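Student: One file is attached below, final19.pdb, containing PDB, C-alpha atoms, pLDDT in the B column.
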ATOM      1  CA  MET A   1      27.055  36.674 -18.656  1.00 51.00           C
ATOM      2  CA  PHE A   2      24.471  37.142 -15.925  1.00 43.00           C
ATOM      3  CA  GLY A   3      21.669  36.867 -18.474  1.00 51.00           C
ATOM      4  CA  TYR A   4      23.125  33.628 -19.820  1.00 45.00           C
ATOM      5  CA  LEU A   5      23.395  32.143 -16.336  1.00 39.00           C
ATOM      6  CA  ALA A   6      19.855  33.212 -15.484  1.00 41.00           C
ATOM      7  CA  THR A   7      18.510  31.652 -18.689  1.00 39.00           C
ATOM      8  CA  ALA A   8      20.483  28.455 -18.083  1.00 38.00           C
ATOM      9  CA  GLY A   9      19.210  28.289 -14.521  1.00 43.00           C
ATOM     10  CA  LEU A  10      15.603  28.756 -15.629  1.00 31.00           C
ATOM     11  CA  THR A  11      15.990  26.105 -18.315  1.00 38.00           C
ATOM     12  CA  GLY A  12      17.425  23.699 -15.759  1.00 38.00           C
ATOM     13  CA  THR A  13      14.574  24.365 -13.343  1.00 37.00           C
ATOM     14  CA  ILE A  14      11.962  23.765 -16.033  1.00 38.00           C
ATOM     15  CA  ALA A  15      13.667  20.534 -17.067  1.00 39.00           C
ATOM     16  CA  ALA A  16      13.836  19.372 -13.461  1.00 38.00           C
ATOM     17  CA  ALA A  17      10.172  20.224 -12.917  1.00 46.00           C
ATOM     18  CA  GLY A  18       9.235  18.230 -16.011  1.00 52.00           C
ATOM     19  CA  TYR A  19      11.297  15.287 -14.841  1.00 49.00           C
ATOM     20  CA  GLN A  20       9.727  15.371 -11.359  1.00 61.00           C
ATOM     21  CA  SER A  21       6.226  15.336 -12.857  1.00 65.00           C
ATOM     22  CA  MET A  22       6.873  11.876 -14.326  1.00 66.00           C
ATOM     23  CA  ALA A  23       9.740  10.408 -12.277  1.00 77.00           C
ATOM     24  CA  PRO A  24       8.389   7.500 -10.212  1.00 81.00           C
ATOM     25  CA  THR A  25      10.616   8.307  -7.233  1.00 74.00           C
ATOM     26  CA  GLY A  26      10.357  12.117  -7.523  1.00 72.00           C
ATOM     27  CA  GLN A  27       9.019  13.906  -4.454  1.00 73.00           C
ATOM     28  CA  TRP A  28       8.739  17.545  -5.578  1.00 64.00           C
ATOM     29  CA  TYR A  29       4.976  17.447  -6.037  1.00 67.00           C
ATOM     30  CA  GLY A  30       4.146  15.480  -2.914  1.00 75.00           C
ATOM     31  CA  ARG A  31       5.266  12.503  -0.896  1.00 83.00           C
ATOM     32  CA  THR A  32       4.720   9.108  -2.491  1.00 90.00           C
ATOM     33  CA  PHE A  33       5.708   5.577  -1.540  1.00 90.00           C
ATOM     34  CA  ALA A  34       8.129   3.983  -3.999  1.00 91.00           C
ATOM     35  CA  GLY A  35       9.813   1.290  -1.925  1.00 94.00           C
ATOM     36  CA  LEU A  36      11.699   0.608   1.294  1.00 94.00           C
ATOM     37  CA  PRO A  37      15.339   1.477   2.006  1.00 90.00           C
ATOM     38  CA  ARG A  38      17.724  -0.724   0.050  1.00 90.00           C
ATOM     39  CA  GLY A  39      18.604  -4.055   1.575  1.00 86.00           C
ATOM     40  CA  SER A  40      15.154  -5.174   2.720  1.00 95.00           C
ATOM     41  CA  LYS A  41      14.305  -8.751   1.779  1.00 97.00           C
ATOM     42  CA  GLN A  42      10.782  -7.767   0.781  1.00 98.00           C
ATOM     43  CA  LEU A  43       9.557  -7.178  -2.774  1.00 98.00           C
ATOM     44  CA  ALA A  44       6.124  -5.954  -3.867  1.00 98.00           C
ATOM     45  CA  LEU A  45       4.718  -7.025  -7.222  1.00 98.00           C
ATOM     46  CA  THR A  46       2.272  -4.454  -8.594  1.00 98.00           C
ATOM     47  CA  TYR A  47       0.231  -4.675 -11.785  1.00 98.00           C
ATOM     48  CA  ASP A  48      -1.357  -1.793 -13.688  1.00 98.00           C
ATOM     49  CA  ASP A  49      -4.119  -1.403 -16.284  1.00 98.00           C
ATOM     50  CA  GLY A  50      -6.324  -4.388 -15.521  1.00 98.00           C
ATOM     51  CA  PRO A  51      -8.622  -6.133 -15.195  1.00 98.00           C
ATOM     52  CA  ASN A  52      -7.860  -7.911 -18.446  1.00 98.00           C
ATOM     53  CA  ASP A  53      -9.188 -11.120 -19.949  1.00 97.00           C
ATOM     54  CA  PRO A  54      -7.640 -13.694 -19.972  1.00 97.00           C
ATOM     55  CA  HIS A  55      -4.273 -12.596 -18.626  1.00 98.00           C
ATOM     56  CA  THR A  56      -5.332 -11.275 -15.215  1.00 98.00           C
ATOM     57  CA  LEU A  57      -6.899 -14.658 -14.494  1.00 98.00           C
ATOM     58  CA  GLN A  58      -3.794 -16.468 -15.750  1.00 98.00           C
ATOM     59  CA  LEU A  59      -1.685 -14.274 -13.519  1.00 98.00           C
ATOM     60  CA  LEU A  60      -3.829 -15.221 -10.537  1.00 98.00           C
ATOM     61  CA  GLU A  61      -3.014 -18.867 -11.235  1.00 98.00           C
ATOM     62  CA  VAL A  62       0.726 -18.155 -11.239  1.00 98.00           C
ATOM     63  CA  LEU A  63       0.552 -16.127  -8.031  1.00 98.00           C
ATOM     64  CA  ALA A  64      -1.517 -18.846  -6.341  1.00 98.00           C
ATOM     65  CA  LYS A  65       1.000 -21.488  -7.393  1.00 98.00           C
ATOM     66  CA  HIS A  66       3.719 -19.595  -5.538  1.00 98.00           C
ATOM     67  CA  GLY A  67       1.553 -18.480  -2.610  1.00 98.00           C
ATOM     68  CA  VAL A  68       2.230 -14.814  -3.436  1.00 98.00           C
ATOM     69  CA  GLN A  69      -0.092 -11.855  -2.988  1.00 98.00           C
ATOM     70  CA  ALA A  70       0.211  -8.769  -5.169  1.00 98.00           C
ATOM     71  CA  THR A  71      -1.298  -5.317  -5.617  1.00 98.00           C
ATOM     72  CA  PHE A  72      -3.406  -4.456  -8.686  1.00 98.00           C
ATOM     73  CA  PHE A  73      -4.068  -0.878  -9.790  1.00 98.00           C
ATOM     74  CA  LEU A  74      -7.227  -1.077 -11.884  1.00 98.00           C
ATOM     75  CA  ILE A  75      -8.771   1.132 -14.560  1.00 98.00           C
ATOM     76  CA  GLY A  76     -12.371   1.950 -13.663  1.00 98.00           C
ATOM     77  CA  ARG A  77     -13.859   1.511 -17.127  1.00 98.00           C
ATOM     78  CA  TYR A  78     -12.443  -2.014 -17.276  1.00 98.00           C
ATOM     79  CA  VAL A  79     -13.738  -2.697 -13.771  1.00 98.00           C
ATOM     80  CA  ARG A  80     -17.210  -1.773 -15.071  1.00 98.00           C
ATOM     81  CA  GLN A  81     -16.687  -4.094 -18.021  1.00 98.00           C
ATOM     82  CA  ARG A  82     -15.472  -7.128 -16.034  1.00 98.00           C
ATOM     83  CA  PRO A  83     -16.329  -6.870 -12.345  1.00 98.00           C
ATOM     84  CA  ASP A  84     -16.167 -10.665 -12.153  1.00 98.00           C
ATOM     85  CA  ILE A  85     -12.394 -10.567 -12.735  1.00 98.00           C
ATOM     86  CA  VAL A  86     -11.997  -7.915 -10.037  1.00 98.00           C
ATOM     87  CA  ARG A  87     -13.911 -10.104  -7.612  1.00 98.00           C
ATOM     88  CA  ALA A  88     -11.631 -13.032  -8.475  1.00 98.00           C
ATOM     89  CA  VAL A  89      -8.577 -10.868  -7.716  1.00 98.00           C
ATOM     90  CA  VAL A  90      -9.937  -9.878  -4.300  1.00 98.00           C
ATOM     91  CA  GLN A  91     -11.174 -13.372  -3.449  1.00 98.00           C
ATOM     92  CA  ALA A  92      -7.649 -14.664  -4.091  1.00 98.00           C
ATOM     93  CA  GLY A  93      -6.354 -12.341  -1.363  1.00 97.00           C
ATOM     94  CA  HIS A  94      -4.788  -9.632  -3.510  1.00 98.00           C
ATOM     95  CA  VAL A  95      -5.117  -5.878  -2.998  1.00 98.00           C
ATOM     96  CA  VAL A  96      -6.843  -3.659  -5.573  1.00 98.00           C
ATOM     97  CA  GLY A  97      -6.291   0.079  -5.952  1.00 98.00           C
ATOM     98  CA  ASN A  98      -7.366   3.097  -7.982  1.00 98.00           C
ATOM     99  CA  HIS A  99      -5.726   3.782 -11.373  1.00 98.00           C
ATOM    100  CA  THR A 100      -8.355   6.346 -12.499  1.00 98.00           C
ATOM    101  CA  PHE A 101     -11.416   5.650 -14.606  1.00 98.00           C
ATOM    102  CA  THR A 102     -10.031   6.206 -18.124  1.00 98.00           C
ATOM    103  CA  HIS A 103      -6.228   6.387 -17.587  1.00 98.00           C
ATOM    104  CA  PRO A 104      -5.492  10.019 -18.560  1.00 97.00           C
ATOM    105  CA  ASN A 105      -2.122  11.658 -17.947  1.00 97.00           C
ATOM    106  CA  LEU A 106      -2.990  13.764 -14.907  1.00 96.00           C
ATOM    107  CA  ILE A 107      -0.261  16.277 -15.751  1.00 95.00           C
ATOM    108  CA  PHE A 108      -2.718  17.666 -18.299  1.00 94.00           C
ATOM    109  CA  ALA A 109      -5.918  17.152 -16.278  1.00 96.00           C
ATOM    110  CA  SER A 110      -7.682  19.962 -14.443  1.00 96.00           C
ATOM    111  CA  PRO A 111      -8.452  19.503 -10.736  1.00 96.00           C
ATOM    112  CA  ASN A 112     -12.100  18.818 -11.608  1.00 97.00           C
ATOM    113  CA  LYS A 113     -11.127  16.239 -14.216  1.00 97.00           C
ATOM    114  CA  THR A 114      -8.726  14.551 -11.788  1.00 97.00           C
ATOM    115  CA  ARG A 115     -11.387  14.439  -9.088  1.00 98.00           C
ATOM    116  CA  ARG A 116     -13.917  12.862 -11.448  1.00 98.00           C
ATOM    117  CA  GLU A 117     -11.412  10.262 -12.622  1.00 98.00           C
ATOM    118  CA  LEU A 118     -10.599   9.200  -9.076  1.00 98.00           C
ATOM    119  CA  GLN A 119     -14.170   9.269  -7.802  1.00 98.00           C
ATOM    120  CA  GLU A 120     -15.568   7.327 -10.762  1.00 98.00           C
ATOM    121  CA  CYS A 121     -12.924   4.641 -10.349  1.00 98.00           C
ATOM    122  CA  GLU A 122     -13.705   4.442  -6.643  1.00 98.00           C
ATOM    123  CA  LEU A 123     -17.401   3.977  -7.423  1.00 98.00           C
ATOM    124  CA  ALA A 124     -16.629   1.248  -9.958  1.00 98.00           C
ATOM    125  CA  LEU A 125     -14.478  -0.616  -7.431  1.00 98.00           C
ATOM    126  CA  GLU A 126     -17.093  -0.243  -4.688  1.00 98.00           C
ATOM    127  CA  ASP A 127     -19.799  -1.604  -6.977  1.00 98.00           C
ATOM    128  CA  ALA A 128     -17.598  -4.554  -7.934  1.00 98.00           C
ATOM    129  CA  VAL A 129     -16.117  -5.598  -4.578  1.00 98.00           C
ATOM    130  CA  GLY A 130     -17.308  -3.234  -1.864  1.00 97.00           C
ATOM    131  CA  ALA A 131     -14.585  -2.207   0.579  1.00 94.00           C
ATOM    132  CA  HIS A 132     -11.123  -2.104  -0.975  1.00 96.00           C
ATOM    133  CA  SER A 133      -7.754  -0.455  -0.490  1.00 96.00           C
ATOM    134  CA  ARG A 134      -7.231   3.312  -0.410  1.00 96.00           C
ATOM    135  CA  LEU A 135      -4.209   3.063  -2.703  1.00 98.00           C
ATOM    136  CA  PHE A 136      -3.871   5.192  -5.840  1.00 97.00           C
ATOM    137  CA  ARG A 137      -1.350   5.164  -8.663  1.00 98.00           C
ATOM    138  CA  PRO A 138      -1.374   7.972 -11.262  1.00 97.00           C
ATOM    139  CA  PRO A 139      -1.346   6.771 -14.886  1.00 97.00           C
ATOM    140  CA  PHE A 140       2.135   7.007 -16.420  1.00 95.00           C
ATOM    141  CA  GLY A 141       3.248   8.251 -12.988  1.00 94.00           C
ATOM    142  CA  GLY A 142       2.147  11.706 -14.159  1.00 93.00           C
ATOM    143  CA  ARG A 143       1.227  14.335 -11.601  1.00 90.00           C
ATOM    144  CA  ARG A 144       1.487  18.067 -11.206  1.00 88.00           C
ATOM    145  CA  PRO A 145       1.384  20.400  -8.190  1.00 87.00           C
ATOM    146  CA  GLY A 146      -1.846  19.649  -6.357  1.00 92.00           C
ATOM    147  CA  THR A 147      -2.569  16.226  -7.900  1.00 94.00           C
ATOM    148  CA  LEU A 148      -1.463  14.231  -4.881  1.00 94.00           C
ATOM    149  CA  GLN A 149      -2.992  16.705  -2.435  1.00 94.00           C
ATOM    150  CA  LEU A 150      -6.331  16.240  -4.183  1.00 96.00           C
ATOM    151  CA  ALA A 151      -5.967  12.459  -4.025  1.00 96.00           C
ATOM    152  CA  ARG A 152      -5.249  12.603  -0.307  1.00 95.00           C
ATOM    153  CA  ARG A 153      -8.267  14.834   0.287  1.00 96.00           C
ATOM    154  CA  LEU A 154     -10.300  12.012  -1.255  1.00 97.00           C
ATOM    155  CA  GLY A 155      -8.711   9.594   1.228  1.00 96.00           C
ATOM    156  CA  LEU A 156      -6.289   7.980  -1.220  1.00 97.00           C
ATOM    157  CA  GLU A 157      -2.630   7.123  -0.618  1.00 96.00           C
ATOM    158  CA  PRO A 158      -0.371   7.590  -3.673  1.00 96.00           C
ATOM    159  CA  VAL A 159       1.930   4.700  -4.576  1.00 97.00           C
ATOM    160  CA  MET A 160       4.655   4.762  -7.232  1.00 96.00           C
ATOM    161  CA  TRP A 161       7.458   2.284  -7.985  1.00 97.00           C
ATOM    162  CA  ASN A 162      11.246   2.035  -8.219  1.00 97.00           C
ATOM    163  CA  VAL A 163      11.620  -1.016 -10.490  1.00 98.00           C
ATOM    164  CA  THR A 164       9.895  -1.562 -13.831  1.00 97.00           C
ATOM    165  CA  GLY A 165       9.900  -4.456 -16.264  1.00 97.00           C
ATOM    166  CA  TRP A 166       9.127  -2.180 -19.245  1.00 96.00           C
ATOM    167  CA  ASP A 167       6.542  -4.743 -20.264  1.00 96.00           C
ATOM    168  CA  TRP A 168       3.733  -2.491 -21.500  1.00 92.00           C
ATOM    169  CA  SER A 169       4.773  -2.863 -25.142  1.00 88.00           C
ATOM    170  CA  GLY A 170       4.656  -6.659 -25.018  1.00 88.00           C
ATOM    171  CA  LYS A 171       8.389  -7.216 -24.665  1.00 92.00           C
ATOM    172  CA  PRO A 172       9.678 -10.827 -24.498  1.00 97.00           C
ATOM    173  CA  VAL A 173       9.998 -12.655 -21.193  1.00 98.00           C
ATOM    174  CA  VAL A 174      13.814 -12.496 -21.174  1.00 98.00           C
ATOM    175  CA  TYR A 175      13.744  -8.742 -21.757  1.00 98.00           C
ATOM    176  CA  ILE A 176      11.351  -8.188 -18.824  1.00 98.00           C
ATOM    177  CA  GLU A 177      13.401 -10.386 -16.495  1.00 98.00           C
ATOM    178  CA  LYS A 178      16.668  -8.615 -17.375  1.00 97.00           C
ATOM    179  CA  LYS A 179      15.153  -5.182 -16.846  1.00 97.00           C
ATOM    180  CA  VAL A 180      13.899  -6.161 -13.390  1.00 98.00           C
ATOM    181  CA  ALA A 181      17.165  -7.884 -12.419  1.00 97.00           C
ATOM    182  CA  LYS A 182      19.195  -4.762 -13.225  1.00 96.00           C
ATOM    183  CA  GLN A 183      17.149  -2.692 -10.785  1.00 96.00           C
ATOM    184  CA  VAL A 184      16.287  -4.911  -7.818  1.00 97.00           C
ATOM    185  CA  ARG A 185      18.187  -4.001  -4.649  1.00 95.00           C
ATOM    186  CA  GLY A 186      15.682  -5.119  -2.021  1.00 96.00           C
ATOM    187  CA  GLY A 187      12.651  -3.315  -0.641  1.00 97.00           C
ATOM    188  CA  ASP A 188      11.468  -2.652  -4.191  1.00 98.00           C
ATOM    189  CA  VAL A 189       8.050  -1.906  -5.645  1.00 98.00           C
ATOM    190  CA  ILE A 190       8.032  -3.642  -9.040  1.00 98.00           C
ATOM    191  CA  LEU A 191       5.812  -2.269 -11.803  1.00 98.00           C
ATOM    192  CA  LEU A 192       4.341  -4.745 -14.310  1.00 98.00           C
ATOM    193  CA  HIS A 193       1.140  -4.752 -16.383  1.00 98.00           C
ATOM    194  CA  ASP A 194      -1.685  -7.267 -16.585  1.00 98.00           C
ATOM    195  CA  GLY A 195      -3.612  -5.067 -19.047  1.00 98.00           C
ATOM    196  CA  SER A 196      -3.269  -2.045 -21.322  1.00 97.00           C
ATOM    197  CA  HIS A 197      -4.851   1.386 -21.102  1.00 96.00           C
ATOM    198  CA  ALA A 198      -5.087   1.420 -24.909  1.00 95.00           C
ATOM    199  CA  SER A 199      -7.504  -1.490 -25.236  1.00 95.00           C
ATOM    200  CA  PHE A 200      -9.124  -4.300 -23.298  1.00 96.00           C
ATOM    201  CA  GLY A 201      -7.788  -7.781 -24.076  1.00 95.00           C
ATOM    202  CA  ALA A 202      -4.152  -6.814 -24.623  1.00 96.00           C
ATOM    203  CA  ASN A 203      -1.745  -9.742 -24.790  1.00 96.00           C
ATOM    204  CA  ARG A 204       0.136  -9.896 -21.490  1.00 97.00           C
ATOM    205  CA  SER A 205       1.254 -13.530 -21.758  1.00 97.00           C
ATOM    206  CA  GLN A 206       4.913 -12.463 -21.564  1.00 98.00           C
ATOM    207  CA  THR A 207       4.272 -10.709 -18.256  1.00 98.00           C
ATOM    208  CA  VAL A 208       2.495 -13.768 -16.881  1.00 98.00           C
ATOM    209  CA  THR A 209       5.451 -16.016 -17.719  1.00 98.00           C
ATOM    210  CA  ALA A 210       7.980 -13.457 -16.494  1.00 98.00           C
ATOM    211  CA  THR A 211       6.128 -13.261 -13.178  1.00 98.00           C
ATOM    212  CA  ASP A 212       6.452 -17.014 -12.752  1.00 98.00           C
ATOM    213  CA  HIS A 213      10.214 -16.849 -13.396  1.00 98.00           C
ATOM    214  CA  LEU A 214      10.805 -13.759 -11.232  1.00 98.00           C
ATOM    215  CA  ILE A 215       9.050 -15.234  -8.210  1.00 98.00           C
ATOM    216  CA  THR A 216      10.974 -18.494  -8.532  1.00 98.00           C
ATOM    217  CA  HIS A 217      14.290 -16.639  -8.850  1.00 98.00           C
ATOM    218  CA  TYR A 218      13.877 -14.159  -6.026  1.00 98.00           C
ATOM    219  CA  LYS A 219      12.297 -16.610  -3.598  1.00 98.00           C
ATOM    220  CA  ALA A 220      15.369 -18.781  -4.095  1.00 98.00           C
ATOM    221  CA  GLU A 221      17.460 -15.752  -3.088  1.00 97.00           C
ATOM    222  CA  GLY A 222      15.510 -15.386   0.155  1.00 97.00           C
ATOM    223  CA  TYR A 223      13.117 -12.607  -0.831  1.00 97.00           C
ATOM    224  CA  GLU A 224       9.528 -12.402   0.395  1.00 98.00           C
ATOM    225  CA  PHE A 225       6.771 -11.053  -1.847  1.00 98.00           C
ATOM    226  CA  VAL A 226       4.210  -8.858  -0.093  1.00 98.00           C
ATOM    227  CA  THR A 227       1.408  -6.441  -0.904  1.00 98.00           C
ATOM    228  CA  ILE A 228       1.880  -2.677  -0.641  1.00 97.00           C
ATOM    229  CA  PRO A 229      -0.082  -2.385   2.661  1.00 97.00           C
ATOM    230  CA  ALA A 230       2.039  -5.202   4.108  1.00 96.00           C
ATOM    231  CA  MET A 231       5.267  -3.551   2.953  1.00 96.00           C
ATOM    232  CA  LEU A 232       4.126  -0.266   4.521  1.00 94.00           C
ATOM    233  CA  LYS A 233       2.957  -2.102   7.654  1.00 90.00           C
ATOM    234  CA  ARG A 234      -0.343  -0.327   7.133  1.00 85.00           C
ATOM    235  CA  PRO A 235      -3.161  -2.883   7.286  1.00 81.00           C
ATOM    236  CA  ASP A 236      -5.551   0.071   7.491  1.00 80.00           C
ATOM    237  CA  LEU A 237      -4.807   0.752   3.820  1.00 80.00           C
ATOM    238  CA  SER A 238      -6.105  -2.654   2.772  1.00 77.00           C
ATOM    239  CA  SER A 239      -9.765  -1.692   3.071  1.00 68.00           C
TER     240      SER A 239
END
The structure given in the file should be rewritten as C-alpha cells.
Tutor:
Amino acid sequence: MFGYLATAGLTGTIAAAGYQSMAPTGQWYGRTFAGLPRGSKQLALTYDDGPNDPHTLQLLEVLAKHGVQATFFLIGRYVRQRPDIVRAVVQAGHVVGNHTFTHPNLIFASPNKTRRELQECELALEDAVGAHSRLFRPPFGGRRPGTLQLARRLGLEPVMWNVTGWDWSGKPVVYIEKKVAKQVRGGDVILLHDGSHASFGANRSQTVTATDHLITHYKAEGYEFVTIPAMLKRPDLSS
C-alpha cells in the first residue's frame, strides 16, 4: 500500500511539474506576469511570432483606427528579415519584446542555447530599432528550472498570458472571438499571433479581423487597452 501511494505521489508530482513547465500562469519555475487581479478594466493585447508581411502591417492599421497600443513579441530571425516592419511597429507607439531568435521550446534547450537565443534576438532588435523593451516571452510558454533566472540575469522581464484566442492554426474569426470571450474577466493579458514560428508570411487575416471586433466589443463595455509596461505601471520596461 505504501509503495502504491509513493508511486502515485511521484507520478502526480511529475505530471504537475510537466504542467507547470508549459502553463502560462504557472509560477513553479519563477515569477512571471500573466495579468492583473480580476475585475480591472484594463486589457493588454499581445502578439507573438512576428514581424510578418503583410499581416503585421494590416494589424497596425486596425490598432491605429481604434487608438490602441499593443505589445509584440518578435522572433529575431524575422526581425533580421524585415527590420522595416519592426520599425513601423515602434513608430506607431507599440512595444516590442524578445521571443527568442528561432523560437525553440526552451524546456529542451540547454542554458547556453537559451542564452544565445535571447542574446541574438536582443541584438536583432537593437539593430532594427535601437532601445526597446526588456520584455521576454518564452516560445510556447515553455520553461524549465533556471530559464527565467537566466532571462532575468540578462535584464529581461518574463511575460506570459491568461487569455488566448487559439489563433495560431488559422482558426476563423468567430472561433477566436468566442475563445477570448469565454476567458476575459478583466485585467487580462490576451495572446494572439501576427505571425507563425513555422514560416514567414503565414496568413493571419483572421486574427487581424478578430482584433478589430474584439477592440470594438470590449471598448463598448468600458475596457481600456494598454501595453504590458502600462499595465504593470512600469514605464522603465518600455526601453
Student: Using the chain letters and numbering of this document, enumerate as a count of residues only the residues selected by the PyMOL selection byres ((chain A and resi 141-145) around 8).
Tutor: 17
Student: Evaluated on this file, the PyMOL selection byres ((chain A and resi 178-185) around 10) picks out some residues - which ones are they, written as JSON, numbers by chain?
Tutor: {"A": [36, 37, 38, 39, 40, 41, 42, 43, 162, 163, 164, 165, 166, 167, 173, 174, 175, 176, 177, 186, 187, 188, 189, 190, 191, 192, 210, 214, 217, 218]}
Student: Those residues you just picked out, can you put them in a file as an mmCIF file, in the frame of the given file with C-alpha atoms?
Tutor:
data_model
loop_
_atom_site.group_PDB
_atom_site.id
_atom_site.type_symbol
_atom_site.label_atom_id
_atom_site.label_comp_id
_atom_site.auth_asym_id
_atom_site.auth_seq_id
_atom_site.Cartn_x
_atom_site.Cartn_y
_atom_site.Cartn_z
ATOM 1 C CA LEU A 36 11.699 0.608 1.294
ATOM 2 C CA PRO A 37 15.339 1.477 2.006
ATOM 3 C CA ARG A 38 17.724 -0.724 0.050
ATOM 4 C CA GLY A 39 18.604 -4.055 1.575
ATOM 5 C CA SER A 40 15.154 -5.174 2.720
ATOM 6 C CA LYS A 41 14.305 -8.751 1.779
ATOM 7 C CA GLN A 42 10.782 -7.767 0.781
ATOM 8 C CA LEU A 43 9.557 -7.178 -2.774
ATOM 9 C CA ASN A 162 11.246 2.035 -8.219
ATOM 10 C CA VAL A 163 11.620 -1.016 -10.490
ATOM 11 C CA THR A 164 9.895 -1.562 -13.831
ATOM 12 C CA GLY A 165 9.900 -4.456 -16.264
ATOM 13 C CA TRP A 166 9.127 -2.180 -19.245
ATOM 14 C CA ASP A 167 6.542 -4.743 -20.264
ATOM 15 C CA VAL A 173 9.998 -12.655 -21.193
ATOM 16 C CA VAL A 174 13.814 -12.496 -21.174
ATOM 17 C CA TYR A 175 13.744 -8.742 -21.757
ATOM 18 C CA ILE A 176 11.351 -8.188 -18.824
ATOM 19 C CA GLU A 177 13.401 -10.386 -16.495
ATOM 20 C CA GLY A 186 15.682 -5.119 -2.021
ATOM 21 C CA GLY A 187 12.651 -3.315 -0.641
ATOM 22 C CA ASP A 188 11.468 -2.652 -4.191
ATOM 23 C CA VAL A 189 8.050 -1.906 -5.645
ATOM 24 C CA ILE A 190 8.032 -3.642 -9.040
ATOM 25 C CA LEU A 191 5.812 -2.269 -11.803
ATOM 26 C CA LEU A 192 4.341 -4.745 -14.310
ATOM 27 C CA ALA A 210 7.980 -13.457 -16.494
ATOM 28 C CA LEU A 214 10.805 -13.759 -11.232
ATOM 29 C CA HIS A 217 14.290 -16.639 -8.850
ATOM 30 C CA TYR A 218 13.877 -14.159 -6.026
#
Student: Taking all atoms listed in the file into account, which of A:Thr102, A:Ala44, A:Leu232, A:Gly170 comes nearest Val208 (chain A)?
Tutor: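 For Val208 (chain A), the nearest of the given residues is A:Gly170.
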Student: Which residues match the PyMOL selection byres ((chain A and resi 201) around 8) in the file above, as a count of residues only?
Tutor: 9
Student: Report as a PDB file with C-alpha atoms, in the coordinates of the input all protein, DNA and RNA residues lying within 12 Å of Gly67 (chain A), evaluated on only C-alpha atoms, omitting residues in the same chain fewer than 6 positions from it.
Tutor:
ATOM      1  CA  LEU A  60      -3.829 -15.221 -10.537  1.00 98.00           C
ATOM      2  CA  GLU A  61      -3.014 -18.867 -11.235  1.00 98.00           C
ATOM      3  CA  ALA A  92      -7.649 -14.664  -4.091  1.00 98.00           C
ATOM      4  CA  GLY A  93      -6.354 -12.341  -1.363  1.00 97.00           C
ATOM      5  CA  HIS A  94      -4.788  -9.632  -3.510  1.00 98.00           C
ATOM      6  CA  ASP A 212       6.452 -17.014 -12.752  1.00 98.00           C
ATOM      7  CA  ILE A 215       9.050 -15.234  -8.210  1.00 98.00           C
ATOM      8  CA  THR A 216      10.974 -18.494  -8.532  1.00 98.00           C
ATOM      9  CA  LYS A 219      12.297 -16.610  -3.598  1.00 98.00           C
ATOM     10  CA  GLU A 224       9.528 -12.402   0.395  1.00 98.00           C
ATOM     11  CA  PHE A 225       6.771 -11.053  -1.847  1.00 98.00           C
ATOM     12  CA  VAL A 226       4.210  -8.858  -0.093  1.00 98.00           C
TER      13      VAL A 226
END
Student: Would you fill the gaps in region 221-234 of chain A so it has N, CA and C atoms, then print it as an mmCIF file, keeping the file's coordinate frame?
Tutor:
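File written: selection19.cif
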data_model
loop_
_atom_site.group_PDB
_atom_site.id
_atom_site.type_symbol
_atom_site.label_atom_id
_atom_site.label_comp_id
_atom_site.auth_asym_id
_atom_site.auth_seq_id
_atom_site.Cartn_x
_atom_site.Cartn_y
_atom_site.Cartn_z
ATOM 1 N N GLU A 221 16.466 -16.637 -3.683
ATOM 2 C CA GLU A 221 17.460 -15.752 -3.088
ATOM 3 C C GLU A 221 17.038 -15.223 -1.720
ATOM 4 N N GLY A 222 15.922 -15.739 -1.197
ATOM 5 C CA GLY A 222 15.510 -15.386 0.155
ATOM 6 C C GLY A 222 14.577 -14.200 0.257
ATOM 7 N N TYR A 223 14.037 -13.743 -0.864
ATOM 8 C CA TYR A 223 13.117 -12.607 -0.831
ATOM 9 C C TYR A 223 11.693 -13.069 -0.526
ATOM 10 N N GLU A 224 10.940 -12.172 0.098
ATOM 11 C CA GLU A 224 9.528 -12.402 0.395
ATOM 12 C C GLU A 224 8.702 -11.416 -0.426
ATOM 13 N N PHE A 225 7.651 -11.910 -1.064
ATOM 14 C CA PHE A 225 6.771 -11.053 -1.847
ATOM 15 C C PHE A 225 5.560 -10.656 -1.005
ATOM 16 N N VAL A 226 5.287 -9.368 -0.943
ATOM 17 C CA VAL A 226 4.210 -8.858 -0.093
ATOM 18 C C VAL A 226 3.389 -7.819 -0.863
ATOM 19 N N THR A 227 2.223 -7.503 -0.333
ATOM 20 C CA THR A 227 1.408 -6.441 -0.904
ATOM 21 C C THR A 227 1.943 -5.082 -0.432
ATOM 22 N N ILE A 228 1.465 -4.016 -1.054
ATOM 23 C CA ILE A 228 1.880 -2.677 -0.641
ATOM 24 C C ILE A 228 1.477 -2.373 0.809
ATOM 25 N N PRO A 229 0.239 -2.635 1.249
ATOM 26 C CA PRO A 229 -0.082 -2.385 2.661
ATOM 27 C C PRO A 229 0.811 -3.164 3.612
ATOM 28 N N ALA A 230 1.160 -4.405 3.253
ATOM 29 C CA ALA A 230 2.039 -5.202 4.108
ATOM 30 C C ALA A 230 3.444 -4.611 4.138
ATOM 31 N N MET A 231 3.943 -4.153 2.993
ATOM 32 C CA MET A 231 5.267 -3.551 2.953
ATOM 33 C C MET A 231 5.315 -2.265 3.788
ATOM 34 N N LEU A 232 4.237 -1.506 3.752
ATOM 35 C CA LEU A 232 4.126 -0.266 4.521
ATOM 36 C C LEU A 232 3.807 -0.519 5.991
ATOM 37 N N LYS A 233 3.445 -1.764 6.306
ATOM 38 C CA LYS A 233 2.957 -2.102 7.654
ATOM 39 C C LYS A 233 1.753 -1.243 7.995
ATOM 40 N N ARG A 234 0.869 -1.130 6.981
ATOM 41 C CA ARG A 234 -0.343 -0.327 7.133
ATOM 42 C C ARG A 234 -1.561 -1.165 6.748
#
